[in-house]
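Dropping my_file-v4.txt in here (compact mmCIF, C-alpha atoms and all ligand atoms):
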# COMPACT_ATOMS: atom_id res chain seq x y z
CA LEU A 20 2.66 9.17 0.52
CA THR A 21 3.18 9.50 4.23
CA ARG A 22 4.50 6.07 5.08
CA PRO A 23 7.61 5.39 7.14
CA LEU A 24 10.65 4.68 4.99
CA ASP A 25 11.58 1.09 5.60
CA ILE A 26 13.65 -1.58 3.98
CA HIS A 27 10.73 -2.89 1.89
CA ARG A 28 10.00 0.55 0.58
CA LEU A 29 13.66 1.09 -0.28
CA ALA A 30 13.70 -2.16 -2.23
CA ASP A 31 10.59 -0.97 -4.00
CA LEU A 32 12.14 2.37 -4.89
CA LEU A 33 15.30 0.70 -6.16
CA ASP A 34 13.24 -1.57 -8.39
CA LYS A 35 11.46 1.42 -9.84
CA LEU A 36 14.76 3.24 -10.46
CA THR A 37 16.44 0.31 -12.15
CA GLY A 38 13.23 -0.86 -13.76
CA GLU A 39 13.94 -4.42 -12.68
CA GLN A 40 12.13 -7.08 -10.75
CA PRO A 41 15.00 -8.98 -9.17
CA GLN A 42 14.58 -12.73 -9.22
CA ASP A 43 14.59 -13.77 -5.57
CA ALA A 44 17.47 -15.99 -4.53
CA TYR A 45 16.68 -19.67 -4.06
CA ARG A 46 16.16 -20.40 -0.36
CA VAL A 47 17.72 -23.55 1.08
CA LEU A 48 17.79 -24.88 4.64
CA ILE A 49 20.46 -27.44 5.53
CA LEU A 50 20.24 -29.69 8.57
CA ASP A 51 23.45 -31.57 9.31
CA ASP A 52 24.65 -32.50 12.80
CA GLU A 53 28.22 -31.86 11.71
CA ALA A 54 28.33 -28.09 11.66
CA ARG A 55 31.44 -28.05 9.50
CA SER A 56 29.89 -30.06 6.73
CA GLY A 57 26.57 -28.14 6.82
CA ASP A 58 28.44 -24.83 6.74
CA TYR A 59 30.48 -26.05 3.80
CA TYR A 60 27.41 -26.94 1.71
CA ALA A 61 25.80 -23.63 2.63
CA GLU A 62 28.91 -21.81 1.47
CA VAL A 63 28.89 -23.69 -1.84
CA LEU A 64 25.23 -22.83 -2.45
CA ARG A 65 25.77 -19.19 -1.44
CA GLY A 66 28.62 -19.10 -3.94
CA ALA A 67 26.00 -19.92 -6.58
CA GLY A 68 23.84 -16.97 -5.47
CA MET A 69 21.44 -18.84 -3.21
CA HIS A 70 20.23 -17.92 0.26
CA ALA A 71 21.44 -20.95 2.21
CA VAL A 72 21.31 -21.44 5.99
CA ALA A 73 22.83 -24.41 7.80
CA ILE A 74 21.79 -25.61 11.25
CA SER A 75 23.25 -28.50 13.21
CA GLU A 76 20.65 -28.88 15.96
CA PRO A 77 17.31 -30.46 15.06
CA ARG A 78 15.57 -28.51 17.84
CA ARG A 79 16.17 -25.35 15.83
CA LEU A 80 14.33 -26.83 12.86
CA LEU A 81 10.92 -25.20 13.39
CA ASP A 82 12.30 -21.72 14.01
CA SER A 83 14.62 -21.99 11.04
CA LEU A 84 11.79 -23.11 8.77
CA ASN A 85 9.91 -19.94 9.63
CA GLU A 86 12.96 -17.74 9.23
CA VAL A 87 14.19 -19.16 5.94
CA ASN A 88 10.90 -20.32 4.40
CA PRO A 89 12.97 -22.77 2.37
CA GLU A 90 12.20 -23.99 -1.12
CA LEU A 91 14.33 -27.04 -0.53
CA ILE A 92 15.64 -28.76 2.57
CA LEU A 93 18.90 -30.68 2.53
CA MET A 94 18.75 -33.20 5.32
CA ASP A 95 21.39 -35.35 6.90
CA LEU A 96 20.18 -38.87 7.75
CA HIS A 97 22.25 -39.91 10.74
CA MET A 98 22.18 -37.46 13.61
CA PRO A 99 22.51 -38.22 17.30
CA ASP A 100 19.48 -36.33 18.71
CA CYS A 101 16.90 -36.96 16.06
CA ASN A 102 17.45 -38.72 12.77
CA GLY A 103 16.63 -37.25 9.39
CA ILE A 104 13.52 -39.38 9.04
CA GLU A 105 11.96 -37.91 12.18
CA ALA A 106 13.04 -34.43 11.12
CA ALA A 107 11.39 -34.93 7.71
CA ARG A 108 8.16 -35.98 9.44
CA ILE A 109 8.23 -32.83 11.56
CA VAL A 110 8.59 -30.70 8.43
CA ARG A 111 5.73 -32.50 6.69
CA GLN A 112 3.36 -31.98 9.64
CA ASP A 113 3.27 -28.25 8.97
CA GLU A 114 0.97 -27.61 6.03
CA ARG A 115 3.07 -24.67 4.90
CA TYR A 116 5.98 -27.00 4.27
CA ALA A 117 4.04 -30.09 3.26
CA SER A 118 5.25 -29.88 -0.33
CA VAL A 119 8.73 -28.38 0.05
CA PRO A 120 11.28 -30.75 -1.53
CA ILE A 121 13.29 -32.63 1.08
CA VAL A 122 16.50 -34.11 -0.20
CA PHE A 123 18.56 -36.40 2.00
CA LEU A 124 22.26 -35.85 1.77
CA SER A 125 24.03 -38.62 3.58
CA GLY A 126 26.91 -41.05 3.55
CA GLU A 127 24.38 -43.87 3.81
CA SER A 128 25.05 -46.12 0.81
CA ASP A 129 22.66 -48.98 1.63
CA ARG A 130 19.93 -48.78 -1.04
CA GLN A 131 17.30 -50.33 1.18
CA ARG A 132 17.87 -47.79 3.94
CA GLN A 133 17.89 -44.98 1.39
CA LEU A 134 14.51 -46.16 0.13
CA SER A 135 12.95 -46.37 3.56
CA ALA A 136 14.15 -42.84 4.30
CA MET A 137 12.36 -41.70 1.14
CA GLY A 138 9.16 -43.31 2.42
CA THR A 139 8.77 -40.40 4.85
CA GLY A 140 7.87 -38.01 2.08
CA ALA A 141 11.39 -37.06 1.06
CA ASP A 142 11.94 -36.47 -2.61
CA ASP A 143 15.40 -37.70 -3.28
CA PHE A 144 18.57 -39.12 -1.88
CA LEU A 145 22.01 -37.74 -2.65
CA THR A 146 25.09 -39.49 -1.32
CA LYS A 147 28.12 -37.93 0.28
CA PRO A 148 30.73 -37.13 -0.80
CA ILE A 149 29.14 -34.94 -3.43
CA GLY A 150 30.84 -32.60 -5.89
CA ASP A 151 30.12 -28.87 -5.55
CA THR A 152 28.88 -28.47 -9.11
CA TYR A 153 26.64 -31.49 -8.89
CA LEU A 154 25.15 -30.27 -5.61
CA VAL A 155 24.45 -26.81 -7.02
CA SER A 156 22.75 -28.19 -10.14
CA ALA A 157 20.74 -30.76 -8.19
CA VAL A 158 19.41 -28.04 -5.89
CA GLU A 159 18.78 -25.50 -8.66
CA LEU A 160 16.83 -27.92 -10.84
CA ARG A 161 14.58 -29.00 -8.00
CA ILE A 162 13.84 -25.47 -6.81
CA ALA A 163 13.10 -24.27 -10.35
CA ARG A 164 10.53 -27.06 -10.73
CA PHE A 165 9.13 -26.39 -7.25
CA ARG A 166 8.66 -22.72 -8.13
CA SER A 167 6.80 -23.38 -11.35
CA LEU A 168 4.53 -25.93 -9.67
CA THR A 169 3.71 -23.71 -6.70
CA ALA A 170 3.04 -20.75 -8.98
CA LEU A 171 0.53 -22.89 -10.83
CA ILE A 172 -1.18 -24.10 -7.68
CA ARG A 173 -1.33 -20.71 -6.01
CA GLN A 174 -2.46 -18.59 -8.90
CA ASP A 175 -5.93 -17.58 -9.86
CA SER A 176 -6.08 -18.47 -13.55
CA LEU A 177 -8.22 -15.51 -14.70
CA THR A 178 -6.16 -12.72 -13.11
CA GLY A 179 -2.81 -14.26 -12.20
CA LEU A 180 -3.31 -13.02 -8.62
CA LEU A 181 -3.02 -15.31 -5.61
CA ASN A 182 -6.02 -17.55 -5.14
CA ARG A 183 -7.81 -17.80 -1.85
CA ILE A 184 -5.77 -20.67 -0.40
CA ALA A 185 -2.49 -18.97 -1.24
CA PHE A 186 -3.70 -15.64 0.10
CA ASP A 187 -4.79 -17.18 3.42
CA LEU A 188 -1.35 -18.75 3.79
CA GLN A 189 0.21 -15.31 3.26
CA VAL A 190 -2.09 -13.80 5.88
CA GLU A 191 -0.80 -16.33 8.39
CA ALA A 192 2.83 -15.62 7.57
CA GLU A 193 2.50 -11.83 7.40
CA THR A 194 0.40 -11.43 10.55
CA SER A 195 2.86 -13.41 12.63
CA ARG A 196 5.74 -11.41 11.17
CA ALA A 197 3.95 -8.13 11.89
CA SER A 198 3.08 -9.22 15.44
CA ARG A 199 6.71 -10.12 16.13
CA SER A 200 8.07 -6.86 14.78
CA GLY A 201 5.20 -4.73 16.09
CA SER A 202 4.64 -3.14 12.69
CA PRO A 203 1.18 -2.16 11.51
CA LEU A 204 -0.63 -4.28 8.94
CA VAL A 205 -3.95 -3.84 7.20
CA LEU A 206 -6.19 -6.31 5.40
CA ALA A 207 -8.61 -4.94 2.82
CA MET A 208 -11.51 -6.73 1.21
CA LEU A 209 -12.97 -5.38 -2.04
CA ASP A 210 -16.13 -6.31 -3.89
CA ILE A 211 -17.31 -4.91 -7.22
CA ASP A 212 -20.65 -3.13 -6.94
CA HIS A 213 -23.71 -4.51 -8.73
CA PHE A 214 -21.58 -6.89 -10.68
CA LYS A 215 -24.55 -9.05 -11.55
CA ARG A 216 -25.91 -6.18 -13.63
CA ILE A 217 -22.68 -6.08 -15.67
CA ASN A 218 -22.96 -9.79 -16.40
CA ASP A 219 -26.65 -9.50 -17.16
CA THR A 220 -26.27 -6.45 -19.39
CA TYR A 221 -23.06 -7.22 -21.28
CA GLY A 222 -22.51 -10.92 -20.75
CA HIS A 223 -20.12 -13.05 -18.76
CA PRO A 224 -16.99 -12.51 -20.93
CA VAL A 225 -17.27 -8.75 -20.43
CA GLY A 226 -17.71 -9.36 -16.70
CA ASP A 227 -14.49 -11.35 -16.80
CA ARG A 228 -12.73 -8.43 -18.47
CA VAL A 229 -13.90 -6.08 -15.72
CA ILE A 230 -12.47 -8.46 -13.12
CA LYS A 231 -9.17 -8.50 -15.04
CA SER A 232 -9.10 -4.70 -15.28
CA LEU A 233 -9.45 -4.32 -11.54
CA ALA A 234 -6.73 -6.93 -10.97
CA GLN A 235 -4.45 -5.02 -13.34
CA LEU A 236 -5.14 -1.71 -11.61
CA LEU A 237 -4.35 -3.18 -8.19
CA ARG A 238 -1.10 -4.70 -9.43
CA LYS A 239 -0.04 -1.48 -11.09
CA ARG A 240 -0.87 0.89 -8.24
CA LEU A 241 0.05 -1.10 -5.14
CA ARG A 242 3.54 -1.63 -3.80
CA ARG A 243 5.55 -4.71 -4.71
CA TYR A 244 5.25 -6.12 -1.20
CA ASP A 245 1.52 -5.61 -0.90
CA ILE A 246 -0.10 -9.01 -1.32
CA ILE A 247 -3.09 -9.19 -3.65
CA GLY A 248 -5.52 -12.06 -3.94
CA ARG A 249 -8.71 -12.89 -5.77
CA TYR A 250 -10.83 -14.23 -2.97
CA GLY A 251 -13.89 -15.21 -4.95
CA GLY A 252 -15.80 -14.22 -8.09
CA GLU A 253 -15.61 -10.40 -7.99
CA GLU A 254 -14.00 -10.18 -4.55
CA PHE A 255 -10.40 -9.20 -3.97
CA THR A 256 -8.22 -9.10 -0.88
CA ILE A 257 -5.14 -7.00 -0.19
CA LEU A 258 -2.67 -7.41 2.63
CA MET A 259 -0.64 -4.27 3.29
CA PRO A 260 2.43 -4.76 5.50
CA ASP A 261 4.02 -1.82 7.34
CA THR A 262 0.94 0.28 6.75
CA PRO A 263 -1.09 2.25 9.31
CA LEU A 264 -4.86 2.16 8.87
CA ALA A 265 -5.15 5.81 7.80
CA ALA A 266 -2.56 5.32 5.04
CA ALA A 267 -4.31 2.18 3.81
CA GLU A 268 -7.64 3.99 3.74
CA LYS A 269 -6.09 6.74 1.64
CA VAL A 270 -4.62 4.25 -0.83
CA LEU A 271 -7.92 2.36 -1.12
CA ASN A 272 -9.82 5.57 -1.75
CA GLU A 273 -7.37 6.49 -4.50
CA LEU A 274 -7.83 3.06 -6.07
CA ARG A 275 -11.58 3.34 -5.73
CA GLU A 276 -11.56 6.62 -7.57
CA GLN A 277 -9.21 5.38 -10.29
CA PHE A 278 -11.34 2.30 -10.86
CA SER A 279 -14.54 4.32 -11.07
CA LEU A 280 -12.93 6.49 -13.78
CA LEU A 281 -11.78 3.56 -15.94
CA HIS A 282 -13.48 3.49 -19.33
CA LEU A 283 -14.79 -0.01 -19.66
CA SER A 284 -16.36 -1.10 -22.88
CA SER A 285 -18.44 -3.71 -24.57
CA VAL A 286 -19.13 -3.68 -28.34
CA GLY A 287 -19.75 0.03 -28.89
CA ASP A 288 -20.95 0.60 -25.35
CA GLN A 289 -18.95 2.42 -22.68
CA PHE A 290 -19.65 1.98 -19.01
CA HIS A 291 -18.20 2.52 -15.57
CA CYS A 292 -17.94 0.34 -12.53
CA THR A 293 -17.23 0.87 -8.83
CA PHE A 294 -16.17 -1.20 -5.87
CA SER A 295 -16.71 -1.10 -2.13
CA ALA A 296 -14.06 -1.99 0.42
CA GLY A 297 -13.75 -2.90 4.09
CA LEU A 298 -10.51 -2.55 6.07
CA ALA A 299 -9.23 -4.21 9.23
CA ALA A 300 -6.01 -3.33 11.08
CA LEU A 301 -3.94 -5.83 13.03
CA ASP A 302 -3.47 -3.20 15.76
CA ASP A 303 -7.16 -3.35 16.60
CA HIS A 304 -8.05 -6.99 16.01
CA PRO A 305 -6.52 -10.44 16.58
CA SER A 306 -5.07 -11.98 13.42
CA GLN A 307 -7.64 -14.80 13.17
CA GLU A 308 -10.41 -12.20 12.99
CA LEU A 309 -8.89 -9.89 10.38
CA THR A 310 -10.71 -11.38 7.41
CA ALA A 311 -14.06 -11.47 9.19
CA VAL A 312 -13.67 -7.86 10.41
CA ALA A 313 -12.76 -6.63 6.92
CA ASP A 314 -15.71 -8.56 5.51
CA ALA A 315 -18.09 -6.95 8.04
CA ALA A 316 -16.73 -3.50 7.12
CA LEU A 317 -17.27 -4.33 3.45
CA TYR A 318 -20.85 -5.30 4.20
CA GLU A 319 -21.29 -1.96 5.95
CA ALA A 320 -19.87 -0.14 2.91
CA LYS A 321 -22.48 -1.87 0.76
CA ARG A 322 -25.23 -1.01 3.21
CA LEU A 323 -24.21 2.65 3.26
CA GLY A 324 -24.68 2.87 -0.51
CA ARG A 325 -21.57 1.26 -2.12
CA ASN A 326 -18.60 2.93 -3.87
CA ARG A 327 -16.93 3.67 -0.54
CA VAL A 328 -14.28 2.48 1.91
CA VAL A 329 -15.18 1.60 5.50
CA CYS A 330 -12.67 1.01 8.31
P1 LIG A 401 -23.15 -6.04 -4.67
O1 LIG A 401 -22.95 -4.62 -5.03
O2 LIG A 401 -24.03 -6.20 -3.49
O3 LIG A 401 -21.84 -6.75 -4.47
O4 LIG A 401 -23.90 -6.72 -5.89
P2 LIG A 401 -23.34 -7.84 -6.85
O5 LIG A 401 -24.32 -7.98 -7.98
O6 LIG A 401 -21.95 -7.55 -7.23
O7 LIG A 401 -23.33 -9.06 -5.86
P3 LIG A 401 -23.35 -10.60 -5.95
O8 LIG A 401 -22.25 -11.11 -5.07
O9 LIG A 401 -24.72 -11.06 -5.61
O10 LIG A 401 -23.02 -10.98 -7.45
C1 LIG A 401 -21.77 -11.32 -7.88
C2 LIG A 401 -21.91 -11.95 -9.23
O11 LIG A 401 -20.64 -12.20 -9.80
C3 LIG A 401 -22.61 -13.29 -9.21
C4 LIG A 401 -21.83 -14.15 -10.19
O12 LIG A 401 -22.64 -14.59 -11.24
C5 LIG A 401 -20.76 -13.25 -10.73
N1 LIG A 401 -19.49 -13.90 -10.89
C6 LIG A 401 -18.83 -14.65 -9.98
N2 LIG A 401 -17.65 -15.07 -10.49
C7 LIG A 401 -17.55 -14.57 -11.74
C8 LIG A 401 -16.57 -14.67 -12.78
O13 LIG A 401 -15.52 -15.29 -12.64
N3 LIG A 401 -16.81 -14.01 -13.94
C9 LIG A 401 -17.97 -13.31 -14.13
N4 LIG A 401 -18.14 -12.69 -15.31
N5 LIG A 401 -18.92 -13.21 -13.18
C10 LIG A 401 -18.73 -13.84 -12.01
MG MG A 402 25.45 -36.87 10.43
MG MG A 403 -19.70 -10.54 -4.12
MG MG A 404 -20.45 -7.49 -5.80

Would it be possible to restate this file's structure as structure tokens?
Ligand code: GH3
Ligand code: MG
Ligand code: MG
Ligand code: MG
Amino acid sequence: LTRPLDIHRLADLLDKLTGEQPQDAYRVLILDDEARSGDYYAEVLRGAGMHAVAISEPRRLLDSLNEVNPELILMDLHMPDCNGIEAARIVRQDERYASVPIVFLSGESDRQRQLSAMGTGADDFLTKPIGDTYLVSAVELRIARFRSLTALIRQDSLTGLLNRIAFDLQVEAETSRASRSGSPLVLAMLDIDHFKRINDTYGHPVGDRVIKSLAQLLRKRLRRYDIIGRYGGEEFTILMPDTPLAAAEKVLNELREQFSLLHLSSVGDQFHCTFSAGLAALDDHPSQELTAVADAALYEAKRLGRNRVVC
């Protein structure tokens, strides 16, 4: 493959060499106006293997959210510029962080005031001083639960791929990252050809198995940091970071060929299936139009006779 060697690709290669999928470190953002105390908690959490970042100025909140993409926010309550309650509201206004656990960590011991702080959509209240071990466990337990819940909400149940909502969120995040870093990014939209015939000929359960086979092929052949979604019935979407259009086209054509060669079967009957794909590159189109452009290219691929990739 003729793609530039970058940090993602290195991580990918290392995974393949060691045969491991490393569990990503828990990501925590800490907002505490006293830098020393925030830094201390961050250090404790880092000591437990987490990725923890502490900030002391509320005005850095939005940028830090985007940088850290936290799975839990530890929030001080009393701060001079903006109190924790306002900060929690700001977090909740962004749909990407609407369900991230917010845990207040404060010296406030008045139960009534603790409760009203929770009314802003925070999940819990821990009081300072707090022991290191207790803090680590409290954070770990909440993030573990958050991960299993989000996995459930974001997954397509038939294939285990991202569902449409989750995929669209990833498009937002990845396009803004790619625009900032100036790296190429491609969105591909795939649709199985004449899928109705499969259902009509072999029945719906066999159709489901074809959908699963394509999902499996995509997962197996694409890179770990390519993002794969099931967009609708027999439609799939792929977001390919750090990938020029020509390289993406090559990969999609390889996948197209591999899929068309798969031996699919239904009681005693063997058959083959193909897909068509449309590609859109961030270089050539604004991010809000990527999906529509890929969809138009897919339509063109169908019009030109199917089983092909159109850029
Ligand atoms: P084209 O080549 O133009 O894409 O033809 P097509 O028959 O694939 O197109 P169309 O989109 O009209 O048909 C898709 C069919 O997929 C219709 C629907 O019944 C079926 N379908 C949608 N979701 C599922 C699913 O989850 N499982 C199964 N087995 N079939 C599904
Ligand atoms: Mg304070
Ligand atoms: Mg379709
Ligand atoms: Mg179809």

| said: List the spatial neighbours of A:Ala267 as a PyMOL selection string - criterion: any atom at most 10 Å away, all atoms listed in the file, same-chain residues fewer than 4 positions off excluded. | reply: chain A and resi 22+204-207+258-263+271-273+298-300+330

| request: Would you list the contacts of A:Ser125 as number ranges by chain, taking every protein, DNA or RNA residue within 7 Å and counting all atoms listed in the file, but skipping same-chain residues closer than 5 positions in sequence? | output: A: 95-96, 145-147

Please, which residues have at least one atom within 6 Å of an atom of ligand MG 402 (chain A), using only C-alpha atoms and all ligand atoms, listed as a PDB file with C-alpha atoms, keeping the file's coordinate frame?
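Output file out33.pdb is given in full below:
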ATOM      1  CA  ASP A  51      23.450 -31.570   9.310  1.00  0.00           C
ATOM      2  CA  ASP A  52      24.650 -32.500  12.800  1.00  0.00           C
ATOM      3  CA  GLU A  53      28.220 -31.860  11.710  1.00  0.00           C
ATOM      4  CA  ASP A  95      21.390 -35.350   6.900  1.00  0.00           C
ATOM      5  CA  HIS A  97      22.250 -39.910  10.740  1.00  0.00           C
ATOM      6  CA  MET A  98      22.180 -37.460  13.610  1.00  0.00           C
TER       7      MET A  98
END

| query | For A:Arg322, which residue out of A:Asp212, A:Tyr221, A:Leu281, A:Arg46 is the nearest one, using all atoms listed in the file? | reply | A:Asp212

Kindly compute an axis-aligned box around the listed atoms of stretch 300-308 of chain A, allowing 6 Å on each side, and express its centre and edge lengths in Å to one decimal as lines of an AutoDock Vina configuration file.
center_x = -6.9
center_y = -9.0
center_z = 13.8
size_x = 18.9
size_y = 23.6
size_z = 17.5

| message | Using all atoms listed in the file, which protein or nucleic acid residues come within 12 Å of A:Arg65? Drop anything in the same chain fewer than 4 positions from it, and give the result as a list in words. | response |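 Contacts, with the query itself left out: Ala44, Tyr45, Arg46, Val47, Leu48, Asp58, Tyr59, Tyr60, Ala61, Met69, His70, Ala71, Val72, Ala73, Asp151, Leu154, Val155, Val158 and Glu159 of chain A.
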
Store the residues picked out above, limited to C-alpha atoms, as an mmCIF file, keeping the file's coordinate frame.
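Result written to part-v1.cif:
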data_model
loop_
_atom_site.group_PDB
_atom_site.id
_atom_site.type_symbol
_atom_site.label_atom_id
_atom_site.label_comp_id
_atom_site.auth_asym_id
_atom_site.auth_seq_id
_atom_site.Cartn_x
_atom_site.Cartn_y
_atom_site.Cartn_z
ATOM 1 C CA ALA A 44 17.470 -15.990 -4.530
ATOM 2 C CA TYR A 45 16.680 -19.670 -4.060
ATOM 3 C CA ARG A 46 16.160 -20.400 -0.360
ATOM 4 C CA VAL A 47 17.720 -23.550 1.080
ATOM 5 C CA LEU A 48 17.790 -24.880 4.640
ATOM 6 C CA ASP A 58 28.440 -24.830 6.740
ATOM 7 C CA TYR A 59 30.480 -26.050 3.800
ATOM 8 C CA TYR A 60 27.410 -26.940 1.710
ATOM 9 C CA ALA A 61 25.800 -23.630 2.630
ATOM 10 C CA MET A 69 21.440 -18.840 -3.210
ATOM 11 C CA HIS A 70 20.230 -17.920 0.260
ATOM 12 C CA ALA A 71 21.440 -20.950 2.210
ATOM 13 C CA VAL A 72 21.310 -21.440 5.990
ATOM 14 C CA ALA A 73 22.830 -24.410 7.800
ATOM 15 C CA ASP A 151 30.120 -28.870 -5.550
ATOM 16 C CA LEU A 154 25.150 -30.270 -5.610
ATOM 17 C CA VAL A 155 24.450 -26.810 -7.020
ATOM 18 C CA VAL A 158 19.410 -28.040 -5.890
ATOM 19 C CA GLU A 159 18.780 -25.500 -8.660
#

| Which value, in Å to one decimal, gives the distance between atom CA of A:Ala315 and atom CA of A:Ile246? |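 Atom CA of A:Ala315 sits 20.4 Å away from atom CA of A:Ile246.
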
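Compared by their closest atoms to ligand MG 403 (chain A), and using all atoms listed in the file, the residues A:Asp314, A:Glu268, A:Glu253, A:Glu308 rank with A:Glu253 nearest.
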
| Do you have the atom CA of A:Leu180-atom CA of A:Arg249 distance handy? | 6.1 Å

| query | Which residues form the shell of 6 Å around ligand MG 404 (chain A) when you count only C-alpha atoms and all ligand atoms, given as a VMD selection string? | reply | chain A and resid 210 to 214

Name the residues in contact with stretch 282-285 of chain A at a cut-off of 7 Å, using only C-alpha atoms, excluding same-chain residues fewer than 3 positions from it; report them as a PDB file with C-alpha atoms, keeping the file's coordinate frame.
ATOM      1  CA  TYR A 221     -23.060  -7.220 -21.280  1.00  0.00           C
ATOM      2  CA  VAL A 225     -17.270  -8.750 -20.430  1.00  0.00           C
ATOM      3  CA  ASP A 288     -20.950   0.600 -25.350  1.00  0.00           C
ATOM      4  CA  GLN A 289     -18.950   2.420 -22.680  1.00  0.00           C
ATOM      5  CA  PHE A 290     -19.650   1.980 -19.010  1.00  0.00           C
ATOM      6  CA  HIS A 291     -18.200   2.520 -15.570  1.00  0.00           C
TER       7      HIS A 291
END

| task | Can you tell me which residues come within 12 Å of ligand LIG 401 (chain A) when counting all atoms listed in the file, ideally as a PyMOL selection string? | result | chain A and resi 175-178+208-231+249-255+292-296+314+317-327

| field | Separation of atom CA of A:Asp113 from atom CA of A:Ser83 in Å | value |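 About the pair atom CA of A:Ser83 and atom CA of A:Asp113: they are 13.1 Å apart.
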
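Closest approach to A:Leu50 from the set A:Phe186, A:Phe123, A:Tyr244, A:Phe278 is made by A:Phe123, with distances taken over only C-alpha atoms.
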
| task | Select, counting all atoms listed in the file, all protein, DNA and RNA residues no farther than 12 Å from (13.0, -24.7, 12.0) in file coordinates, and express the selection as a ChimeraX atom specification. | result | /A:47-50,72-89,92,106-107,109-111,113,116

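Taking all atoms listed in the file into account, A:Glu105 lies nearest to A:Ala136 out of the set A:Leu124, A:Leu93, A:Ala136, A:Ile247.
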